[in-house]
$ cat entry_33.txt   # compact mmCIF, N, CA and C atoms and all ligand atoms
# COMPACT_ATOMS: atom_id res chain seq x y z
N MET A 110 -8.74 -2.30 15.90
CA MET A 110 -8.67 -3.49 15.04
C MET A 110 -7.57 -4.41 15.54
N SER A 111 -7.87 -5.66 15.80
CA SER A 111 -6.83 -6.57 16.25
C SER A 111 -5.93 -6.93 15.07
N GLU A 112 -4.74 -7.44 15.40
CA GLU A 112 -3.82 -7.75 14.31
C GLU A 112 -4.40 -8.82 13.40
N THR A 113 -5.10 -9.79 13.98
CA THR A 113 -5.66 -10.86 13.15
C THR A 113 -6.67 -10.30 12.16
N GLU A 114 -7.53 -9.39 12.64
CA GLU A 114 -8.49 -8.75 11.73
C GLU A 114 -7.76 -7.94 10.67
N ALA A 115 -6.73 -7.20 11.13
CA ALA A 115 -5.99 -6.36 10.19
C ALA A 115 -5.31 -7.21 9.13
N GLU A 116 -4.83 -8.36 9.51
CA GLU A 116 -4.14 -9.21 8.55
C GLU A 116 -5.08 -9.69 7.45
N THR A 117 -6.35 -9.81 7.75
CA THR A 117 -7.25 -10.37 6.76
C THR A 117 -7.89 -9.28 5.90
N LEU A 118 -7.80 -8.01 6.30
CA LEU A 118 -8.51 -6.94 5.60
C LEU A 118 -8.16 -6.87 4.12
N PHE A 119 -6.88 -6.81 3.80
CA PHE A 119 -6.51 -6.66 2.39
C PHE A 119 -6.80 -7.94 1.61
N GLU A 120 -6.72 -9.09 2.27
CA GLU A 120 -7.09 -10.33 1.57
C GLU A 120 -8.57 -10.32 1.21
N ARG A 121 -9.39 -9.75 2.08
CA ARG A 121 -10.83 -9.65 1.80
C ARG A 121 -11.10 -8.64 0.70
N ILE A 122 -10.31 -7.58 0.62
CA ILE A 122 -10.44 -6.62 -0.48
C ILE A 122 -10.02 -7.28 -1.79
N ILE A 123 -8.89 -7.97 -1.78
CA ILE A 123 -8.41 -8.64 -2.99
C ILE A 123 -9.43 -9.69 -3.45
N GLY A 124 -10.06 -10.35 -2.49
CA GLY A 124 -11.05 -11.37 -2.81
C GLY A 124 -12.40 -10.82 -3.23
N GLY A 125 -12.56 -9.49 -3.15
CA GLY A 125 -13.81 -8.88 -3.58
C GLY A 125 -14.90 -8.85 -2.52
N GLU A 126 -14.55 -9.32 -1.33
CA GLU A 126 -15.52 -9.39 -0.24
C GLU A 126 -15.80 -8.01 0.34
N ILE A 127 -14.78 -7.16 0.35
CA ILE A 127 -14.91 -5.77 0.79
C ILE A 127 -14.67 -4.91 -0.45
N PRO A 128 -15.61 -3.98 -0.77
CA PRO A 128 -15.44 -3.18 -1.99
C PRO A 128 -14.26 -2.23 -1.91
N ALA A 129 -13.66 -1.98 -3.04
CA ALA A 129 -12.54 -1.03 -3.12
C ALA A 129 -12.55 -0.40 -4.50
N ASP A 130 -11.95 0.78 -4.57
CA ASP A 130 -11.82 1.49 -5.85
C ASP A 130 -10.51 1.03 -6.49
N VAL A 131 -10.61 0.01 -7.31
CA VAL A 131 -9.42 -0.64 -7.86
C VAL A 131 -8.83 0.21 -8.98
N VAL A 132 -7.52 0.42 -8.90
CA VAL A 132 -6.81 1.25 -9.88
C VAL A 132 -6.04 0.37 -10.86
N TYR A 133 -5.51 -0.73 -10.37
CA TYR A 133 -4.66 -1.60 -11.20
C TYR A 133 -4.58 -2.96 -10.53
N GLN A 134 -4.48 -4.00 -11.35
CA GLN A 134 -4.19 -5.33 -10.79
C GLN A 134 -3.50 -6.17 -11.84
N ASP A 135 -2.70 -7.11 -11.37
CA ASP A 135 -2.09 -8.10 -12.25
C ASP A 135 -1.99 -9.41 -11.47
N ASP A 136 -1.23 -10.35 -11.99
CA ASP A 136 -1.21 -11.68 -11.36
C ASP A 136 -0.54 -11.67 -9.99
N ALA A 137 0.26 -10.65 -9.70
CA ALA A 137 1.01 -10.63 -8.43
C ALA A 137 0.56 -9.54 -7.48
N THR A 138 -0.08 -8.49 -8.00
CA THR A 138 -0.38 -7.32 -7.17
C THR A 138 -1.81 -6.83 -7.37
N PHE A 139 -2.26 -6.02 -6.41
CA PHE A 139 -3.62 -5.47 -6.43
C PHE A 139 -3.52 -4.06 -5.87
N ALA A 140 -4.05 -3.06 -6.60
CA ALA A 140 -3.90 -1.66 -6.18
C ALA A 140 -5.25 -0.98 -6.14
N PHE A 141 -5.49 -0.25 -5.05
CA PHE A 141 -6.79 0.41 -4.85
C PHE A 141 -6.58 1.69 -4.05
N ARG A 142 -7.57 2.61 -4.16
CA ARG A 142 -7.45 3.90 -3.48
C ARG A 142 -7.57 3.74 -1.96
N ASP A 143 -6.72 4.48 -1.26
CA ASP A 143 -6.80 4.49 0.21
C ASP A 143 -8.11 5.15 0.63
N ILE A 144 -8.76 4.57 1.62
CA ILE A 144 -10.07 5.06 2.07
C ILE A 144 -9.94 6.40 2.78
N ARG A 145 -8.74 6.71 3.29
CA ARG A 145 -8.49 8.02 3.94
C ARG A 145 -7.27 8.66 3.27
N PRO A 146 -7.50 9.24 2.08
CA PRO A 146 -6.36 9.73 1.30
C PRO A 146 -5.59 10.85 1.99
N GLN A 147 -4.28 10.78 1.90
CA GLN A 147 -3.41 11.80 2.49
C GLN A 147 -2.73 12.65 1.43
N ALA A 148 -3.16 12.51 0.19
CA ALA A 148 -2.71 13.35 -0.93
C ALA A 148 -3.76 13.17 -2.02
N ARG A 149 -3.69 14.04 -3.06
CA ARG A 149 -4.70 13.93 -4.13
C ARG A 149 -4.69 12.54 -4.73
N VAL A 150 -3.50 12.00 -4.91
CA VAL A 150 -3.37 10.60 -5.33
C VAL A 150 -2.85 9.82 -4.13
N HIS A 151 -3.59 8.82 -3.71
CA HIS A 151 -3.15 7.95 -2.60
C HIS A 151 -3.70 6.56 -2.88
N VAL A 152 -2.83 5.73 -3.39
CA VAL A 152 -3.21 4.37 -3.80
C VAL A 152 -2.34 3.38 -3.04
N LEU A 153 -2.93 2.28 -2.63
CA LEU A 153 -2.20 1.21 -1.96
C LEU A 153 -1.91 0.09 -2.95
N VAL A 154 -0.68 -0.37 -2.98
CA VAL A 154 -0.31 -1.51 -3.82
C VAL A 154 0.02 -2.67 -2.90
N VAL A 155 -0.70 -3.77 -3.06
CA VAL A 155 -0.61 -4.92 -2.15
C VAL A 155 -0.22 -6.16 -2.95
N PRO A 156 0.81 -6.89 -2.54
CA PRO A 156 1.06 -8.17 -3.20
C PRO A 156 -0.04 -9.16 -2.83
N ARG A 157 -0.49 -9.94 -3.78
CA ARG A 157 -1.56 -10.90 -3.48
C ARG A 157 -1.13 -11.88 -2.39
N LYS A 158 0.15 -12.25 -2.40
CA LYS A 158 0.66 -13.14 -1.36
C LYS A 158 1.04 -12.29 -0.15
N ARG A 159 0.62 -12.72 1.03
CA ARG A 159 0.82 -11.90 2.23
C ARG A 159 2.18 -12.11 2.88
N TYR A 160 2.89 -11.00 3.08
CA TYR A 160 4.03 -10.93 3.98
C TYR A 160 3.70 -9.83 4.97
N ARG A 161 4.28 -9.92 6.16
CA ARG A 161 3.89 -8.97 7.21
C ARG A 161 4.36 -7.54 6.93
N ASN A 162 5.57 -7.41 6.39
CA ASN A 162 6.11 -6.07 6.19
C ASN A 162 7.17 -6.11 5.09
N LEU A 163 7.74 -4.94 4.81
CA LEU A 163 8.69 -4.80 3.70
C LEU A 163 9.90 -5.71 3.86
N GLY A 164 10.45 -5.77 5.07
CA GLY A 164 11.64 -6.59 5.30
C GLY A 164 11.37 -8.06 5.05
N GLU A 165 10.19 -8.52 5.51
CA GLU A 165 9.86 -9.94 5.31
C GLU A 165 9.62 -10.25 3.84
N LEU A 166 9.02 -9.30 3.13
CA LEU A 166 8.82 -9.48 1.68
C LEU A 166 10.16 -9.53 0.96
N ALA A 167 11.05 -8.62 1.30
CA ALA A 167 12.36 -8.57 0.63
C ALA A 167 13.14 -9.86 0.88
N ALA A 168 13.08 -10.36 2.12
CA ALA A 168 13.81 -11.58 2.46
C ALA A 168 13.15 -12.81 1.83
N GLY A 169 11.81 -12.81 1.81
CA GLY A 169 11.07 -14.01 1.38
C GLY A 169 10.90 -14.12 -0.12
N ASP A 170 10.77 -12.99 -0.81
CA ASP A 170 10.48 -13.04 -2.24
C ASP A 170 10.89 -11.72 -2.90
N PRO A 171 12.19 -11.52 -3.11
CA PRO A 171 12.65 -10.25 -3.68
C PRO A 171 12.04 -9.95 -5.05
N GLU A 172 11.74 -11.00 -5.80
CA GLU A 172 11.12 -10.76 -7.12
C GLU A 172 9.73 -10.15 -6.96
N LEU A 173 9.00 -10.62 -5.95
CA LEU A 173 7.67 -10.07 -5.70
C LEU A 173 7.78 -8.61 -5.23
N LEU A 174 8.81 -8.29 -4.44
CA LEU A 174 9.01 -6.89 -4.05
C LEU A 174 9.21 -6.03 -5.29
N ALA A 175 10.00 -6.52 -6.23
CA ALA A 175 10.21 -5.75 -7.47
C ALA A 175 8.89 -5.58 -8.21
N ARG A 176 8.03 -6.59 -8.19
CA ARG A 176 6.72 -6.48 -8.85
C ARG A 176 5.87 -5.40 -8.18
N VAL A 177 5.96 -5.30 -6.85
CA VAL A 177 5.20 -4.26 -6.13
C VAL A 177 5.70 -2.88 -6.55
N VAL A 178 7.03 -2.72 -6.64
CA VAL A 178 7.59 -1.42 -7.02
C VAL A 178 7.20 -1.07 -8.46
N LEU A 179 7.24 -2.06 -9.35
CA LEU A 179 6.83 -1.81 -10.74
C LEU A 179 5.34 -1.48 -10.83
N ALA A 180 4.52 -2.14 -10.00
CA ALA A 180 3.09 -1.82 -9.97
C ALA A 180 2.87 -0.40 -9.46
N ALA A 181 3.68 0.04 -8.49
CA ALA A 181 3.58 1.42 -7.99
C ALA A 181 3.87 2.40 -9.12
N ARG A 182 4.89 2.11 -9.92
CA ARG A 182 5.19 2.98 -11.06
C ARG A 182 4.04 2.96 -12.07
N LYS A 183 3.44 1.80 -12.28
CA LYS A 183 2.30 1.71 -13.20
C LYS A 183 1.13 2.54 -12.68
N VAL A 184 0.89 2.46 -11.38
CA VAL A 184 -0.18 3.27 -10.76
C VAL A 184 0.11 4.76 -10.99
N ALA A 185 1.36 5.18 -10.79
CA ALA A 185 1.73 6.58 -11.01
C ALA A 185 1.44 6.98 -12.45
N GLU A 186 1.74 6.09 -13.37
CA GLU A 186 1.48 6.37 -14.79
C GLU A 186 -0.03 6.50 -15.02
N LEU A 187 -0.80 5.55 -14.52
CA LEU A 187 -2.26 5.57 -14.71
C LEU A 187 -2.91 6.79 -14.06
N GLU A 188 -2.34 7.25 -12.96
CA GLU A 188 -2.88 8.40 -12.24
C GLU A 188 -2.35 9.73 -12.78
N GLY A 189 -1.45 9.66 -13.78
CA GLY A 189 -0.96 10.86 -14.43
C GLY A 189 0.08 11.63 -13.64
N VAL A 190 0.80 10.95 -12.75
CA VAL A 190 1.79 11.65 -11.92
C VAL A 190 3.22 11.17 -12.17
N LEU A 191 3.40 10.40 -13.22
CA LEU A 191 4.75 9.90 -13.50
C LEU A 191 5.71 11.06 -13.75
N GLY A 192 5.24 12.09 -14.46
CA GLY A 192 6.09 13.24 -14.76
C GLY A 192 6.25 14.20 -13.60
N SER A 193 5.19 14.38 -12.82
CA SER A 193 5.24 15.36 -11.72
C SER A 193 5.91 14.78 -10.48
N GLY A 194 5.94 13.46 -10.36
CA GLY A 194 6.63 12.81 -9.25
C GLY A 194 5.67 12.20 -8.24
N TYR A 195 6.18 11.23 -7.53
CA TYR A 195 5.35 10.53 -6.55
C TYR A 195 6.25 9.94 -5.47
N ARG A 196 5.64 9.59 -4.35
CA ARG A 196 6.36 9.02 -3.21
C ARG A 196 5.81 7.62 -2.94
N VAL A 197 6.69 6.69 -2.62
CA VAL A 197 6.29 5.33 -2.25
C VAL A 197 6.72 5.10 -0.81
N VAL A 198 5.76 4.73 0.04
CA VAL A 198 6.01 4.57 1.48
C VAL A 198 5.57 3.18 1.92
N PHE A 199 6.44 2.52 2.69
CA PHE A 199 6.09 1.25 3.33
C PHE A 199 6.21 1.46 4.83
N ASN A 200 5.14 1.49 5.55
CA ASN A 200 5.20 1.61 7.01
C ASN A 200 5.48 0.24 7.64
N THR A 201 6.34 0.24 8.66
CA THR A 201 6.64 -1.00 9.39
C THR A 201 6.47 -0.78 10.88
N ASP A 202 5.47 -1.46 11.45
CA ASP A 202 5.24 -1.49 12.89
C ASP A 202 4.83 -0.14 13.51
N GLU A 203 4.83 -0.12 14.82
CA GLU A 203 4.07 0.87 15.58
C GLU A 203 4.47 2.32 15.32
N ASP A 204 5.76 2.64 15.46
CA ASP A 204 6.16 4.04 15.33
C ASP A 204 5.90 4.60 13.94
N ALA A 205 5.88 3.73 12.95
CA ALA A 205 5.60 4.17 11.58
C ALA A 205 4.10 4.23 11.31
N GLY A 206 3.30 3.69 12.24
CA GLY A 206 1.85 3.75 12.09
C GLY A 206 1.26 2.63 11.26
N GLN A 207 1.99 1.51 11.13
CA GLN A 207 1.42 0.40 10.36
C GLN A 207 0.19 -0.16 11.08
N THR A 208 -0.92 -0.25 10.35
CA THR A 208 -2.16 -0.76 10.93
C THR A 208 -2.62 -2.04 10.26
N VAL A 209 -2.18 -2.27 9.04
CA VAL A 209 -2.57 -3.49 8.32
C VAL A 209 -1.30 -4.30 8.08
N PHE A 210 -1.26 -5.51 8.64
CA PHE A 210 -0.03 -6.29 8.65
C PHE A 210 0.02 -7.27 7.48
N HIS A 211 -0.27 -6.70 6.33
CA HIS A 211 -0.10 -7.34 5.02
C HIS A 211 0.61 -6.26 4.21
N VAL A 212 1.88 -6.51 3.91
CA VAL A 212 2.73 -5.44 3.36
C VAL A 212 2.04 -4.73 2.19
N HIS A 213 2.20 -3.40 2.17
CA HIS A 213 1.60 -2.59 1.11
C HIS A 213 2.41 -1.34 0.90
N ALA A 214 2.46 -0.89 -0.35
CA ALA A 214 3.09 0.38 -0.69
C ALA A 214 2.02 1.44 -0.78
N HIS A 215 2.26 2.57 -0.11
CA HIS A 215 1.43 3.75 -0.33
C HIS A 215 2.04 4.52 -1.50
N VAL A 216 1.26 4.80 -2.52
CA VAL A 216 1.73 5.63 -3.64
C VAL A 216 1.03 6.98 -3.51
N LEU A 217 1.83 8.02 -3.29
CA LEU A 217 1.29 9.36 -2.99
C LEU A 217 1.78 10.36 -4.03
N GLY A 218 0.91 11.27 -4.43
CA GLY A 218 1.33 12.30 -5.38
C GLY A 218 0.16 13.17 -5.79
N GLY A 219 0.33 13.85 -6.92
CA GLY A 219 -0.73 14.70 -7.44
C GLY A 219 -0.67 16.12 -6.94
N GLU A 220 0.31 16.42 -6.09
CA GLU A 220 0.52 17.76 -5.54
C GLU A 220 1.87 17.71 -4.81
N PRO A 221 2.46 18.87 -4.53
CA PRO A 221 3.71 18.85 -3.76
C PRO A 221 3.44 18.23 -2.39
N LEU A 222 4.28 17.28 -2.00
CA LEU A 222 4.08 16.57 -0.73
C LEU A 222 4.89 17.23 0.36
N GLY A 223 4.39 17.17 1.59
CA GLY A 223 5.08 17.77 2.72
C GLY A 223 6.28 16.93 3.16
N LEU A 224 6.99 17.47 4.13
CA LEU A 224 8.07 16.70 4.73
C LEU A 224 7.47 15.52 5.49
N PHE A 225 8.27 14.56 5.83
CA PHE A 225 7.77 13.45 6.63
C PHE A 225 8.85 12.99 7.58
N GLY A 226 8.42 12.31 8.63
CA GLY A 226 9.38 11.77 9.58
C GLY A 226 9.29 12.41 10.95
N ALA A 227 8.79 13.65 11.02
CA ALA A 227 8.67 14.30 12.32
C ALA A 227 7.40 13.88 13.03
N PRO A 228 7.39 13.86 14.37
CA PRO A 228 6.16 13.54 15.09
C PRO A 228 5.08 14.58 14.80
N GLU A 229 3.81 14.17 14.94
CA GLU A 229 2.73 15.13 14.75
C GLU A 229 2.77 16.16 15.88
N GLU A 230 2.36 17.42 15.53
CA GLU A 230 2.26 18.48 16.54
C GLU A 230 1.11 18.16 17.48
N ASP A 231 1.24 18.62 18.74
CA ASP A 231 0.12 18.45 19.68
C ASP A 231 -1.03 19.36 19.32
P1 LIG B 1 -0.76 1.46 7.16
O1 LIG B 1 -1.19 2.40 8.24
O2 LIG B 1 0.55 1.80 6.53
O3 LIG B 1 -0.82 0.01 7.63
O4 LIG B 1 -1.80 1.64 5.98
C1 LIG B 1 -3.07 1.08 6.00
C2 LIG B 1 -3.92 1.95 5.12
O5 LIG B 1 -5.10 1.23 4.79
C3 LIG B 1 -4.38 3.25 5.78
O6 LIG B 1 -3.87 4.37 5.05
C4 LIG B 1 -5.91 3.17 5.73
O7 LIG B 1 -6.51 4.41 5.44
C5 LIG B 1 -6.12 2.16 4.61
N1 LIG B 1 -7.38 1.43 4.68
C6 LIG B 1 -7.95 0.85 5.77
N2 LIG B 1 -9.10 0.23 5.42
C7 LIG B 1 -9.26 0.45 4.09
C8 LIG B 1 -10.27 0.08 3.13
N3 LIG B 1 -11.33 -0.66 3.48
N4 LIG B 1 -10.10 0.48 1.85
C9 LIG B 1 -9.04 1.23 1.49
N5 LIG B 1 -8.05 1.59 2.32
C10 LIG B 1 -8.17 1.21 3.62

$ encode --input "entry_33.txt" --output "structure tokens"
Amino acid sequence: MSETEAETLFERIIGGEIPADVVYQDDATFAFRDIRPQARVHVLVVPRKRYRNLGELAAGDPELLARVVLAARKVAELEGVLGSGYRVVFNTDEDAGQTVFHVHAHVLGGEPLGLFGAPEED
């Protein structure tokens, strides 16, 4: 997927052009299930306004970043994992595996999560 295509993917999901399993939405954010879940609960929270990554969102619109974090908590509540715990991940660029260059929070939970940060085994 080229970066240009990747940049438009979430906008097309938000616009309803590409179907998604929507979990939550409000005036600033849109949340839907990841197509390749990495935990029992794996939901993406995307700000409707596009920034490339977490740093650009924080610098450009800190209030919107707070809305994304609050939406992640709302998703955890709706998915029933607020009490058991959840992880919020923002991947940035190549080594982190970012593939869609429209900032998004991964909300993961529903079971004990593994460690993270180490390279994959061969
Ligand atoms: P990242 O690798 O952090 O950029 O995350 C992008 C995420 O988008 C990946 O976890 C993909 O599985 C997910 N994804 C890609 N296409 C879709 C889609 N059409 N619907 C839902 N999730 C998707």

$ atom_distance --input "entry_33.txt" --atom1 "atom O2 of ligand LIG 1 (chain B)" --atom2 "atom CA of A:Ala148"
14.1 Å

$ residues_around --input "entry_33.txt" --residues "A:Ala180" --least-positions-apart "5" --cutoff "9 Å" --atoms "only C-alpha atoms" --output "PyMOL selection string"
chain A and resi 133-135+138-140+154+175+185

$ select_by_dssp --input "entry_33.txt" --residues "stretch 118-171 of chain A" --states "alpha helix (DSSP H)" --output "short mmCIF file (atom, residue, chain, number, x, y, z; two decimals) with N, CA and C atoms, in the coordinates of the input"
data_model
loop_
_atom_site.label_atom_id
_atom_site.label_comp_id
_atom_site.auth_asym_id
_atom_site.auth_seq_id
_atom_site.Cartn_x
_atom_site.Cartn_y
_atom_site.Cartn_z
N LEU A 118 -7.80 -8.01 6.30
CA LEU A 118 -8.51 -6.94 5.60
C LEU A 118 -8.16 -6.87 4.12
N PHE A 119 -6.88 -6.81 3.80
CA PHE A 119 -6.51 -6.66 2.39
C PHE A 119 -6.80 -7.94 1.61
N GLU A 120 -6.72 -9.09 2.27
CA GLU A 120 -7.09 -10.33 1.57
C GLU A 120 -8.57 -10.32 1.21
N ARG A 121 -9.39 -9.75 2.08
CA ARG A 121 -10.83 -9.65 1.80
C ARG A 121 -11.10 -8.64 0.70
N ILE A 122 -10.31 -7.58 0.62
CA ILE A 122 -10.44 -6.62 -0.48
C ILE A 122 -10.02 -7.28 -1.79
N ILE A 123 -8.89 -7.97 -1.78
CA ILE A 123 -8.41 -8.64 -2.99
C ILE A 123 -9.43 -9.69 -3.45
N LEU A 163 7.74 -4.94 4.81
CA LEU A 163 8.69 -4.80 3.70
C LEU A 163 9.90 -5.71 3.86
N GLY A 164 10.45 -5.77 5.07
CA GLY A 164 11.64 -6.59 5.30
C GLY A 164 11.37 -8.06 5.05
N GLU A 165 10.19 -8.52 5.51
CA GLU A 165 9.86 -9.94 5.31
C GLU A 165 9.62 -10.25 3.84
N LEU A 166 9.02 -9.30 3.13
CA LEU A 166 8.82 -9.48 1.68
C LEU A 166 10.16 -9.53 0.96
N ALA A 167 11.05 -8.62 1.30
CA ALA A 167 12.36 -8.57 0.63
C ALA A 167 13.14 -9.86 0.88
N ALA A 168 13.08 -10.36 2.12
CA ALA A 168 13.81 -11.58 2.46
C ALA A 168 13.15 -12.81 1.83
N GLY A 169 11.81 -12.81 1.81
CA GLY A 169 11.07 -14.01 1.38
C GLY A 169 10.90 -14.12 -0.12
N PRO A 171 12.19 -11.52 -3.11
CA PRO A 171 12.65 -10.25 -3.68
C PRO A 171 12.04 -9.95 -5.05
#

$ residues_near_ligand --input "entry_33.txt" --ligand "ligand LIG 1 (chain B)" --cutoff "5 Å" --atoms "only N, CA and C atoms and all ligand atoms" --output "list in words"
Arg142, Asp143, Ile144, Arg145, Asn200, Gly206, Gln207, Thr208 and Val209 of chain A

$ residues_near_point --input "entry_33.txt" --point "(-2.5, 13.2, -10.9)" --cutoff "6 Å" --atoms "all atoms listed in the file" --output "mmCIF file with N, CA and C atoms, in the frame of the given file"
data_model
loop_
_atom_site.group_PDB
_atom_site.id
_atom_site.type_symbol
_atom_site.label_atom_id
_atom_site.label_comp_id
_atom_site.auth_asym_id
_atom_site.auth_seq_id
_atom_site.Cartn_x
_atom_site.Cartn_y
_atom_site.Cartn_z
ATOM 1 N N GLU A 188 -2.340 7.250 -12.960
ATOM 2 C CA GLU A 188 -2.880 8.400 -12.240
ATOM 3 C C GLU A 188 -2.350 9.730 -12.780
ATOM 4 N N GLY A 189 -1.450 9.660 -13.780
ATOM 5 C CA GLY A 189 -0.960 10.860 -14.430
ATOM 6 C C GLY A 189 0.080 11.630 -13.640
ATOM 7 N N VAL A 190 0.800 10.950 -12.750
ATOM 8 C CA VAL A 190 1.790 11.650 -11.920
ATOM 9 C C VAL A 190 3.220 11.170 -12.170
ATOM 10 N N GLY A 218 0.910 11.270 -4.430
ATOM 11 C CA GLY A 218 1.330 12.300 -5.380
ATOM 12 C C GLY A 218 0.160 13.170 -5.790
ATOM 13 N N GLY A 219 0.330 13.850 -6.920
ATOM 14 C CA GLY A 219 -0.730 14.700 -7.440
ATOM 15 C C GLY A 219 -0.670 16.120 -6.940
#

$ closest_residue --input "entry_33.txt" --among "A:Val216, A:Arg121, A:Asn162, A:Asp130" --to "A:Arg196" --atoms "all atoms listed in the file"
A:Val216

$ closest_residue --input "entry_33.txt" --among "A:Gly194, A:Thr117, A:Ala167, A:Val184" --to "A:Leu153" --atoms "only C-alpha atoms"
A:Val184

$ atom_distance --input "entry_33.txt" --atom1 "atom CA of A:Val177" --atom2 "atom N of A:Asp202"
17.8 Å

$ decode --input "entry_33.txt" --residues "stretch 210-226 of chain A" --atoms "N, CA and C atoms" --output "compact mmCIF listing (two decimals), in the first residue's frame"
# COMPACT_ATOMS: atom_id res chain seq x y z
N PHE A 210 -1.12 6.25 7.72
CA PHE A 210 -0.53 7.51 8.16
C PHE A 210 -1.60 8.56 8.43
N HIS A 211 -2.58 8.11 9.18
CA HIS A 211 -3.63 8.95 9.77
C HIS A 211 -3.67 8.48 11.22
N VAL A 212 -3.21 9.34 12.12
CA VAL A 212 -2.97 8.89 13.50
C VAL A 212 -4.17 8.13 14.07
N HIS A 213 -3.86 7.06 14.80
CA HIS A 213 -4.92 6.24 15.40
C HIS A 213 -4.39 5.56 16.65
N ALA A 214 -5.28 5.39 17.62
CA ALA A 214 -4.96 4.65 18.83
C ALA A 214 -5.47 3.23 18.67
N HIS A 215 -4.60 2.26 18.96
CA HIS A 215 -5.05 0.88 19.09
C HIS A 215 -5.49 0.69 20.54
N VAL A 216 -6.70 0.22 20.75
CA VAL A 216 -7.18 -0.10 22.10
C VAL A 216 -7.25 -1.62 22.19
N LEU A 217 -6.42 -2.18 23.08
CA LEU A 217 -6.27 -3.64 23.17
C LEU A 217 -6.63 -4.12 24.57
N GLY A 218 -7.30 -5.26 24.66
CA GLY A 218 -7.62 -5.80 25.97
C GLY A 218 -8.48 -7.04 25.84
N GLY A 219 -9.16 -7.38 26.94
CA GLY A 219 -10.04 -8.54 26.93
C GLY A 219 -9.36 -9.82 27.34
N GLU A 220 -8.06 -9.75 27.63
CA GLU A 220 -7.27 -10.90 28.06
C GLU A 220 -5.91 -10.34 28.51
N PRO A 221 -5.15 -11.10 29.28
CA PRO A 221 -3.81 -10.62 29.64
C PRO A 221 -2.98 -10.42 28.36
N LEU A 222 -2.36 -9.26 28.25
CA LEU A 222 -1.59 -8.93 27.04
C LEU A 222 -0.13 -9.29 27.24
N GLY A 223 0.54 -9.67 26.16
CA GLY A 223 1.95 -10.04 26.23
C GLY A 223 2.84 -8.82 26.38
N LEU A 224 4.12 -9.09 26.52
CA LEU A 224 5.10 -8.02 26.53
C LEU A 224 5.14 -7.40 25.13
N PHE A 225 5.71 -6.23 25.02
CA PHE A 225 5.86 -5.63 23.70
C PHE A 225 7.16 -4.86 23.64
N GLY A 226 7.63 -4.64 22.42
CA GLY A 226 8.85 -3.87 22.25
C GLY A 226 10.00 -4.68 21.68
